[in-house]
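Visitor: Provided herewith: model10.txt, compact mmCIF, C-alpha atoms and all ligand atoms.
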```
# COMPACT_ATOMS: atom_id res chain seq x y z
CA MET C 1 20.00 16.77 10.47
CA LYS C 2 20.17 17.60 14.17
CA LYS C 3 20.57 15.10 16.98
CA LEU C 4 17.51 13.83 18.82
CA SER C 5 17.13 11.86 22.05
CA LEU C 6 16.49 8.14 21.56
CA ASP C 7 12.98 8.24 23.06
CA ARG C 8 11.95 10.87 20.49
CA ILE C 9 13.48 8.90 17.65
CA LEU C 10 11.65 5.71 18.68
CA GLN C 11 8.38 7.60 19.07
CA SER C 12 8.74 9.04 15.56
CA GLN C 13 9.20 5.48 14.25
CA GLY C 14 5.94 4.27 15.80
CA PHE C 15 7.20 2.41 18.87
CA GLY C 16 4.61 3.95 21.17
CA SER C 17 4.20 6.97 23.40
CA ARG C 18 7.21 8.91 24.74
CA LYS C 19 6.67 7.18 28.09
CA GLY C 20 6.39 3.75 26.43
CA CYS C 21 9.57 4.37 24.41
CA ARG C 22 11.47 5.47 27.54
CA GLU C 23 10.43 2.23 29.24
CA LEU C 24 11.56 0.13 26.28
CA ILE C 25 14.97 1.82 26.40
CA GLU C 26 15.34 1.53 30.19
CA ASP C 27 14.35 -2.14 30.02
CA GLY C 28 17.28 -2.79 27.67
CA GLU C 29 15.10 -3.69 24.69
CA VAL C 30 16.78 -1.21 22.32
CA THR C 31 20.19 -1.35 20.67
CA VAL C 32 21.74 1.30 18.44
CA ASN C 33 24.51 0.36 16.04
CA GLY C 34 24.88 -2.94 17.88
CA GLU C 35 25.07 -1.54 21.47
CA THR C 36 22.30 -1.66 24.07
CA VAL C 37 21.38 1.89 25.09
CA THR C 38 19.60 2.21 28.45
CA SER C 39 19.45 6.01 28.79
CA TRP C 40 16.64 7.54 26.76
CA LYS C 41 18.47 10.88 26.86
CA THR C 42 21.26 9.58 24.63
CA GLU C 43 21.20 11.58 21.41
CA PHE C 44 21.75 10.39 17.85
CA ILE C 45 21.50 11.82 14.38
CA PRO C 46 18.33 10.05 13.18
CA GLU C 47 19.28 9.91 9.49
CA GLY C 48 20.66 6.47 8.64
CA LEU C 49 20.37 5.25 12.25
CA LYS C 50 20.22 1.47 12.57
CA PHE C 51 18.60 0.15 15.71
CA THR C 52 16.80 -2.90 17.07
CA VAL C 53 13.70 -3.14 19.24
CA PHE C 54 13.06 -6.57 20.77
CA ASP C 55 15.86 -7.88 18.52
CA GLU C 56 14.09 -6.76 15.35
CA GLU C 57 16.22 -4.60 13.05
CA TRP C 58 15.05 -1.20 11.87
CA GLU C 59 16.48 1.78 10.08
CA TYR C 60 15.27 5.31 10.80
CA ARG C 61 12.85 6.48 8.11
CA ALA C 62 11.43 10.00 8.12
CA GLN C 63 8.46 8.63 6.14
CA VAL C 64 7.57 5.13 5.08
CA TYR C 65 6.53 3.93 1.62
CA LEU C 66 5.29 0.35 1.64
CA VAL C 67 4.09 -2.12 -0.91
CA LEU C 68 1.86 -5.07 -0.09
CA ASN C 69 0.81 -8.02 -2.19
CA LYS C 70 -2.67 -7.96 -0.72
CA PRO C 71 -4.27 -11.32 -0.01
CA SER C 72 -8.01 -11.87 -0.27
CA GLY C 73 -10.05 -11.58 2.93
CA TYR C 74 -8.67 -8.28 4.26
CA GLU C 75 -10.33 -4.87 4.26
CA CYS C 76 -8.49 -1.67 3.45
CA SER C 77 -10.61 0.37 5.84
CA ARG C 78 -9.34 1.21 9.32
CA LYS C 79 -12.53 0.10 10.97
CA PRO C 80 -13.45 -2.96 8.92
CA SER C 81 -16.87 -4.48 9.28
CA HIS C 82 -16.53 -8.10 8.10
CA HIS C 83 -12.88 -8.93 7.59
CA PRO C 84 -9.60 -8.17 9.37
CA PRO C 85 -7.85 -4.92 8.42
CA ILE C 86 -4.81 -4.99 6.12
CA LEU C 87 -2.83 -3.32 8.92
CA ASN C 88 -2.89 -6.71 10.68
CA LEU C 89 -0.36 -7.80 8.04
CA PHE C 90 2.18 -5.18 9.20
CA PRO C 91 4.23 -4.71 12.37
CA GLU C 92 2.41 -2.71 15.05
CA ASN C 93 4.64 0.36 14.67
CA MET C 94 3.24 0.93 11.16
CA GLU C 95 -0.21 1.45 12.67
CA TRP C 96 1.26 3.84 15.24
CA ARG C 97 2.82 5.74 12.33
CA ASP C 98 -0.67 6.10 10.89
CA VAL C 99 0.17 4.33 7.67
CA GLN C 100 -2.73 4.53 5.19
CA PRO C 101 -3.40 2.73 1.94
CA VAL C 102 -3.19 4.70 -1.29
CA GLY C 103 -6.73 4.12 -2.52
CA ARG C 104 -8.52 0.89 -1.71
CA LEU C 105 -8.91 -2.63 -2.96
CA ASP C 106 -12.03 -4.65 -2.20
CA HIS C 107 -11.74 -7.29 0.53
CA ASP C 108 -11.70 -10.05 -2.13
CA THR C 109 -9.27 -8.28 -4.50
CA THR C 110 -5.61 -9.30 -4.33
CA GLY C 111 -2.40 -7.69 -5.55
CA LEU C 112 -0.51 -4.45 -5.55
CA LEU C 113 -1.34 -1.98 -2.80
CA LEU C 114 0.77 0.99 -1.71
CA LEU C 115 0.71 2.40 1.80
CA SER C 116 2.43 5.37 3.38
CA ASP C 117 2.39 7.83 6.26
CA ASP C 118 3.27 10.66 3.85
CA GLY C 119 0.00 12.50 3.24
CA ALA C 120 1.39 14.44 0.27
CA PHE C 121 2.47 11.18 -1.43
CA ILE C 122 -0.93 9.55 -0.80
CA HIS C 123 -2.70 12.60 -2.16
CA ALA C 124 -0.46 12.89 -5.24
CA GLN C 125 -0.75 9.19 -6.07
CA SER C 126 -4.51 9.04 -5.67
CA SER C 127 -5.32 12.37 -7.29
CA PRO C 128 -7.40 11.92 -10.47
CA LYS C 129 -5.25 14.66 -12.05
CA ARG C 130 -2.30 12.33 -11.97
CA HIS C 131 -3.91 9.86 -14.39
CA GLN C 132 -1.90 7.03 -12.86
CA PRO C 133 -3.03 3.91 -14.76
CA LYS C 134 -3.88 0.81 -12.72
CA THR C 135 -3.72 -2.61 -14.33
CA TYR C 136 -6.04 -5.43 -13.25
CA ARG C 137 -6.30 -9.08 -14.19
CA ALA C 138 -9.86 -10.30 -13.85
CA THR C 139 -11.15 -13.86 -13.95
CA THR C 140 -14.61 -13.83 -15.44
CA ALA C 141 -17.63 -16.06 -14.87
CA ARG C 142 -18.43 -16.21 -18.59
CA PRO C 143 -15.98 -16.52 -21.50
CA VAL C 144 -14.13 -13.40 -22.60
CA ASP C 145 -14.71 -12.47 -26.23
CA GLU C 146 -13.95 -9.63 -28.62
CA THR C 147 -17.35 -8.03 -27.93
CA LEU C 148 -16.48 -7.72 -24.24
CA VAL C 149 -13.05 -6.24 -25.03
CA GLN C 150 -14.57 -3.75 -27.49
CA SER C 151 -17.35 -2.71 -25.05
CA LEU C 152 -14.77 -1.96 -22.35
CA LEU C 153 -12.64 0.02 -24.78
CA LYS C 154 -15.60 1.95 -26.15
CA GLY C 155 -16.99 2.69 -22.68
CA VAL C 156 -19.78 1.30 -20.53
CA GLN C 157 -22.45 3.21 -18.64
CA LEU C 158 -22.27 2.73 -14.87
CA ILE C 159 -25.15 3.66 -12.59
CA ASP C 160 -24.56 7.09 -10.98
CA GLU C 161 -21.98 8.12 -13.60
CA PRO C 162 -22.84 10.98 -15.95
CA ALA C 163 -21.14 9.44 -18.99
CA PRO C 164 -19.84 6.05 -20.17
CA ILE C 165 -16.40 5.09 -18.82
CA ALA C 166 -13.83 3.42 -21.04
CA ALA C 167 -10.81 1.32 -20.13
CA LEU C 168 -7.44 2.71 -21.22
CA SER C 169 -6.72 -0.72 -22.57
CA ALA C 170 -8.29 -4.17 -22.42
CA ARG C 171 -6.97 -7.45 -23.76
CA GLN C 172 -7.97 -11.05 -23.52
CA LEU C 173 -5.51 -13.21 -21.58
CA GLY C 174 -7.38 -16.52 -21.59
CA GLU C 175 -10.83 -18.00 -22.06
CA PHE C 176 -11.94 -16.60 -18.69
CA GLU C 177 -9.26 -13.98 -18.16
CA ILE C 178 -8.94 -10.36 -19.17
CA GLU C 179 -6.47 -7.57 -18.44
CA ILE C 180 -8.02 -4.15 -17.94
CA VAL C 181 -6.14 -0.88 -17.47
CA LEU C 182 -8.07 1.97 -15.84
CA GLU C 183 -7.23 5.59 -15.26
CA GLN C 184 -9.91 6.22 -12.65
CA GLY C 185 -10.36 4.51 -9.28
CA LYS C 186 -14.10 4.44 -8.85
CA TYR C 187 -15.85 2.21 -6.35
CA HIS C 188 -15.86 -1.45 -7.55
CA GLN C 189 -14.95 -0.08 -10.96
CA VAL C 190 -13.67 -3.25 -12.63
CA LYS C 191 -16.50 -5.37 -11.27
CA ARG C 192 -19.11 -2.81 -12.28
CA MET C 193 -17.62 -2.35 -15.75
CA LEU C 194 -17.55 -6.10 -16.37
CA ALA C 195 -21.15 -6.40 -15.16
CA ALA C 196 -22.21 -3.47 -17.36
CA ALA C 197 -20.57 -5.21 -20.32
CA GLY C 198 -22.61 -8.38 -19.67
CA ASN C 199 -20.05 -10.51 -17.80
CA HIS C 200 -19.23 -11.06 -14.13
CA CYS C 201 -15.96 -10.68 -12.24
CA ALA C 202 -15.18 -13.88 -10.32
CA ALA C 203 -11.72 -12.86 -9.07
CA LEU C 204 -9.59 -9.75 -9.34
CA THR C 205 -5.90 -8.91 -8.93
CA ARG C 206 -4.17 -5.56 -9.36
CA THR C 207 -0.97 -6.31 -11.24
CA ALA C 208 0.49 -2.83 -11.80
CA ILE C 209 0.29 0.80 -10.71
CA GLY C 210 1.76 3.00 -13.40
CA GLU C 211 4.93 1.21 -14.44
CA LEU C 212 5.40 -0.54 -11.10
CA GLN C 213 4.68 -4.21 -11.78
CA LEU C 214 3.66 -6.67 -9.08
CA ALA C 215 5.58 -9.41 -10.92
CA ASP C 216 8.86 -7.49 -10.49
CA LEU C 217 8.46 -7.08 -6.73
CA ASP C 218 9.03 -10.71 -5.73
CA LEU C 219 6.35 -10.59 -3.03
CA ALA C 220 4.21 -13.59 -2.15
CA GLU C 221 0.56 -12.91 -1.30
CA GLY C 222 0.39 -11.39 2.17
CA GLU C 223 4.01 -10.14 2.07
CA TRP C 224 5.06 -6.51 2.24
CA ARG C 225 8.26 -4.50 2.11
CA PHE C 226 9.56 -0.96 1.90
CA LEU C 227 9.67 0.47 -1.61
CA SER C 228 13.19 1.11 -2.89
CA GLU C 229 14.24 4.60 -4.06
CA ALA C 230 14.11 3.34 -7.65
CA GLU C 231 10.56 2.00 -7.22
CA LEU C 232 9.44 5.29 -5.65
CA ALA C 233 10.97 7.17 -8.57
CA ILE C 234 9.01 4.94 -11.01
CA LEU C 235 5.79 5.89 -9.22
CA GLN C 236 6.62 9.58 -9.04
CA ARG C 237 7.56 9.85 -12.69
CA GLN C 238 5.00 12.05 -14.39
CA GLY C 239 2.87 10.10 -16.83
N1 LIG I 1 -12.14 -2.49 -9.15
C1 LIG I 1 -12.91 -3.28 -8.38
O1 LIG I 1 -14.03 -3.64 -8.75
N2 LIG I 1 -12.43 -3.68 -7.19
C2 LIG I 1 -11.19 -3.35 -6.74
O2 LIG I 1 -10.79 -3.77 -5.65
C3 LIG I 1 -10.39 -2.53 -7.55
C4 LIG I 1 -10.89 -2.10 -8.76
```
Please render this file's structure as structure tokens.
Guide:
Amino acid sequence: MKKLSLDRILQSQGFGSRKGCRELIEDGEVTVNGETVTSWKTEFIPEGLKFTVFDEEWEYRAQVYLVLNKPSGYECSRKPSHHPPILNLFPENMEWRDVQPVGRLDHDTTGLLLLSDDGAFIHAQSSPKRHQPKTYRATTARPVDETLVQSLLKGVQLIDEPAPIAALSARQLGEFEIEIVLEQGKYHQVKRMLAAAGNHCAALTRTAIGELQLADLDLAEGEWRFLSEAELAILQRQG
């Protein structure tokens, strides 16, 4: 990888415009490998570069792959209408990097959400051709019973869909709790399927995407982190 000037490196990492990044550097707000660098012309090999901005530590990343344990009360859309955007839960440079969620969760749904600035990754993960199963745990308003489980497995007719849609799997977890695995990612799909099967979704959490399990990520609600190479490989494994 070839060397780049520090202002370009910072800009690529979402720390603002070229001019803004030059100012940060000249103001002494940036260190590289432990040393304050005040000339924006100083060149570094970006790969593996460790730097700080306002004392916060960063490592150069050509692209970012993030995982969030989404709390309730945040919208996945960029221009939310009723609730704050999920990007409020991330440092500002992630918004500058144009990080986008992979698919969407409703404002009141919690759990596993991936985000990235890699368009090819977002496209591949959300493509219906990928058949990436998503696992949800729903709390229901009425008791879960075998009839509900069987209806979801057999398929329920949703308004505006040409044919009934079935869950890949469905199992009762408790009197008012059911786990549903879906292959598609249609609008309000779990809530609509539960309603079509005669129940009502009172609360919803996404607990897994493919084989990536929320429980293994050690993230409290509202917390995020970068995905590890191993976690990315789990997601990219062909199903
Ligand atoms: N299904 C829903 O109804 N809502 C979500 O947020 C995700 C899946």
Visitor: Which protein, DNA or RNA residues are at most 9 Å from (20.0, 0.8, 24.2) in the file's coordinates when you count only C-alpha atoms, listed as number ranges by chain?
Guide: C: 6, 24-32, 34-40, 42, 51-53
Visitor: Here is a test: counting all atoms listed in the file, which residue of C:Leu152, C:Glu75, C:Ile45, C:Arg171 is nearest to C:Ala195?
Guide: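 Comparing C:Leu152, C:Glu75, C:Ile45, C:Arg171 against C:Ala195, the winner is C:Leu152.
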Visitor: Ranking C:Leu49, C:Leu232, C:Ala203, C:Val67 by minimum distance to ligand LIG 1 (chain I) and counting all atoms listed in the file, which one comes first?
Guide: C:Ala203
Visitor: Would you compute the distance between atom CA of C:Tyr60 and atom CA of C:Ile9? Give it in Å to one decimal.
Guide: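 Separating atom CA of C:Tyr60 from atom CA of C:Ile9 is a distance of 7.9 Å.
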Visitor: Under the rule of at most 9 Å, produce a per-residue listing of chain C near ligand LIG 1 (chain I): chain, number, name, the closest pair of atoms, and the distance in Å, as CSV, using all atoms listed in the file.
Guide:
```
residue,atom,partner,partner_atom,distance
C:Arg104,CA,I:LIG1,O2,6.5
C:Leu105,CA,I:LIG1,O2,3.5
C:Asp106,CA,I:LIG1,O2,3.8
C:His107,CA,I:LIG1,O2,7.2
C:Asp108,CA,I:LIG1,O2,7.3
C:Thr109,CA,I:LIG1,O2,4.9
C:Thr110,CA,I:LIG1,O2,7.7
C:Lys134,CA,I:LIG1,C4,8.6
C:Tyr136,CA,I:LIG1,C4,7.4
C:Leu182,CA,I:LIG1,C4,8.6
C:Gly185,CA,I:LIG1,C4,6.7
C:Lys186,CA,I:LIG1,N1,7.2
C:Tyr187,CA,I:LIG1,C1,6.6
C:His188,CA,I:LIG1,O1,3.1
C:Gln189,CA,I:LIG1,N1,4.1
C:Val190,CA,I:LIG1,N1,3.9
C:Lys191,CA,I:LIG1,O1,3.9
C:Arg192,CA,I:LIG1,O1,6.2
C:Met193,CA,I:LIG1,O1,8.0
C:Leu194,CA,I:LIG1,O1,8.7
C:Cys201,CA,I:LIG1,O1,8.1
C:Leu204,CA,I:LIG1,N2,7.0
C:Thr205,CA,I:LIG1,O2,7.8
C:Arg206,CA,I:LIG1,C3,7.2
```
Visitor: Please dump the current selection as a PDB file, in the frame of the given file; keep C-alpha atoms.
Guide:
```pdb
ATOM      1  CA  ARG C 104      -8.520   0.890  -1.710  1.00  0.00           C
ATOM      2  CA  LEU C 105      -8.910  -2.630  -2.960  1.00  0.00           C
ATOM      3  CA  ASP C 106     -12.030  -4.650  -2.200  1.00  0.00           C
ATOM      4  CA  HIS C 107     -11.740  -7.290   0.530  1.00  0.00           C
ATOM      5  CA  ASP C 108     -11.700 -10.050  -2.130  1.00  0.00           C
ATOM      6  CA  THR C 109      -9.270  -8.280  -4.500  1.00  0.00           C
ATOM      7  CA  THR C 110      -5.610  -9.300  -4.330  1.00  0.00           C
ATOM      8  CA  LYS C 134      -3.880   0.810 -12.720  1.00  0.00           C
ATOM      9  CA  TYR C 136      -6.040  -5.430 -13.250  1.00  0.00           C
ATOM     10  CA  LEU C 182      -8.070   1.970 -15.840  1.00  0.00           C
ATOM     11  CA  GLY C 185     -10.360   4.510  -9.280  1.00  0.00           C
ATOM     12  CA  LYS C 186     -14.100   4.440  -8.850  1.00  0.00           C
ATOM     13  CA  TYR C 187     -15.850   2.210  -6.350  1.00  0.00           C
ATOM     14  CA  HIS C 188     -15.860  -1.450  -7.550  1.00  0.00           C
ATOM     15  CA  GLN C 189     -14.950  -0.080 -10.960  1.00  0.00           C
ATOM     16  CA  VAL C 190     -13.670  -3.250 -12.630  1.00  0.00           C
ATOM     17  CA  LYS C 191     -16.500  -5.370 -11.270  1.00  0.00           C
ATOM     18  CA  ARG C 192     -19.110  -2.810 -12.280  1.00  0.00           C
ATOM     19  CA  MET C 193     -17.620  -2.350 -15.750  1.00  0.00           C
ATOM     20  CA  LEU C 194     -17.550  -6.100 -16.370  1.00  0.00           C
ATOM     21  CA  CYS C 201     -15.960 -10.680 -12.240  1.00  0.00           C
ATOM     22  CA  LEU C 204      -9.590  -9.750  -9.340  1.00  0.00           C
ATOM     23  CA  THR C 205      -5.900  -8.910  -8.930  1.00  0.00           C
ATOM     24  CA  ARG C 206      -4.170  -5.560  -9.360  1.00  0.00           C
TER      25      ARG C 206
END
```
Visitor: Give the answer as one residue: which of C:Lys2, C:Arg78, C:Arg61, C:Lys154 has the shortest atom-to-atom distance to C:Leu227, using only C-alpha atoms?
Guide: C:Arg61
Visitor: To one decimal in Å, tell me the separation between atom CA of C:Glu177 and atom CA of C:Ala138.
Guide: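 Calculated distance between atom CA of C:Glu177 and atom CA of C:Ala138 is 5.7 Å.
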Visitor: Could you check the closest approach to C:Val99 for each of C:Gly14, C:Gln125, C:Ala163, C:His131 and tell me which residue wins, using all atoms listed in the file?
Guide: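 That would be C:Gly14, the residue with the smallest distance to C:Val99.
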Visitor: Which residue, C:Ala62, C:Gly111, C:Trp96, C:Gly20, has the smallest gap to C:Glu223 when you use only C-alpha atoms?
Guide: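 Closest to C:Glu223 of all the choices is C:Gly111.
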Visitor: Counting only C-alpha atoms, which of C:Leu217, C:Leu235, C:His200, C:His82 gets nearest to C:Phe121?
Guide: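 Of C:Leu217, C:Leu235, C:His200, C:His82, the one nearest C:Phe121 is C:Leu235, counting only C-alpha atoms.
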Visitor: At most 10 Å from (-11.3, -12.4, 12.0), file frame, all atoms listed in the file: which residues, as a list in words?
Guide: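 Every polymer residue passing the test: Gly73, Tyr74, His82, His83, Pro84 and Pro85 of chain C.
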Visitor: Name all residues at most 9 Å from C:Leu89 (count all atoms listed in the file; drop same-chain ones fewer than 5 positions away) and give them as an NGL selection string.
Guide: :C and (68 or 222-224)
Visitor: Can you tell me which residues surround C:Ala167 at a distance of at most 7 Å, considering all atoms listed in the file, apart from same-chain residues fewer than 2 positions away, and format the answer as an MDAnalysis selection string?
Guide: chainID C and resid 152:153 155 165 169:170 180:182
Visitor: Applying 7 Å and all atoms listed in the file, which residues near stretch 113-120 of chain C remain after dropping the ones on its own chain fewer than 6 positions away? List them as a count of residues only.
Guide: 14
Visitor: Rounded to one decimal place, report the atom CA of C:Phe90-atom CA of C:Arg225 distance in Å.
Guide: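 Straight-line distance from atom CA of C:Phe90 to atom CA of C:Arg225 works out to 9.4 Å.
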Visitor: Excluding C:Glu211 and any residue of its chain fewer than 5 positions from it, enumerate the residues within 10 Å of it, using all atoms listed in the file, and give them as a VMD selection string.
Guide: chain C and resid 132 to 135 231 234 to 235 237 239
Visitor: Grab the residues selected above and save them as a PDB file, in the frame of the given file with C-alpha atoms.
Guide:
```pdb
ATOM      1  CA  GLN C 132      -1.900   7.030 -12.860  1.00  0.00           C
ATOM      2  CA  PRO C 133      -3.030   3.910 -14.760  1.00  0.00           C
ATOM      3  CA  LYS C 134      -3.880   0.810 -12.720  1.00  0.00           C
ATOM      4  CA  THR C 135      -3.720  -2.610 -14.330  1.00  0.00           C
ATOM      5  CA  GLU C 231      10.560   2.000  -7.220  1.00  0.00           C
ATOM      6  CA  ILE C 234       9.010   4.940 -11.010  1.00  0.00           C
ATOM      7  CA  LEU C 235       5.790   5.890  -9.220  1.00  0.00           C
ATOM      8  CA  ARG C 237       7.560   9.850 -12.690  1.00  0.00           C
ATOM      9  CA  GLY C 239       2.870  10.100 -16.830  1.00  0.00           C
TER      10      GLY C 239
END
```
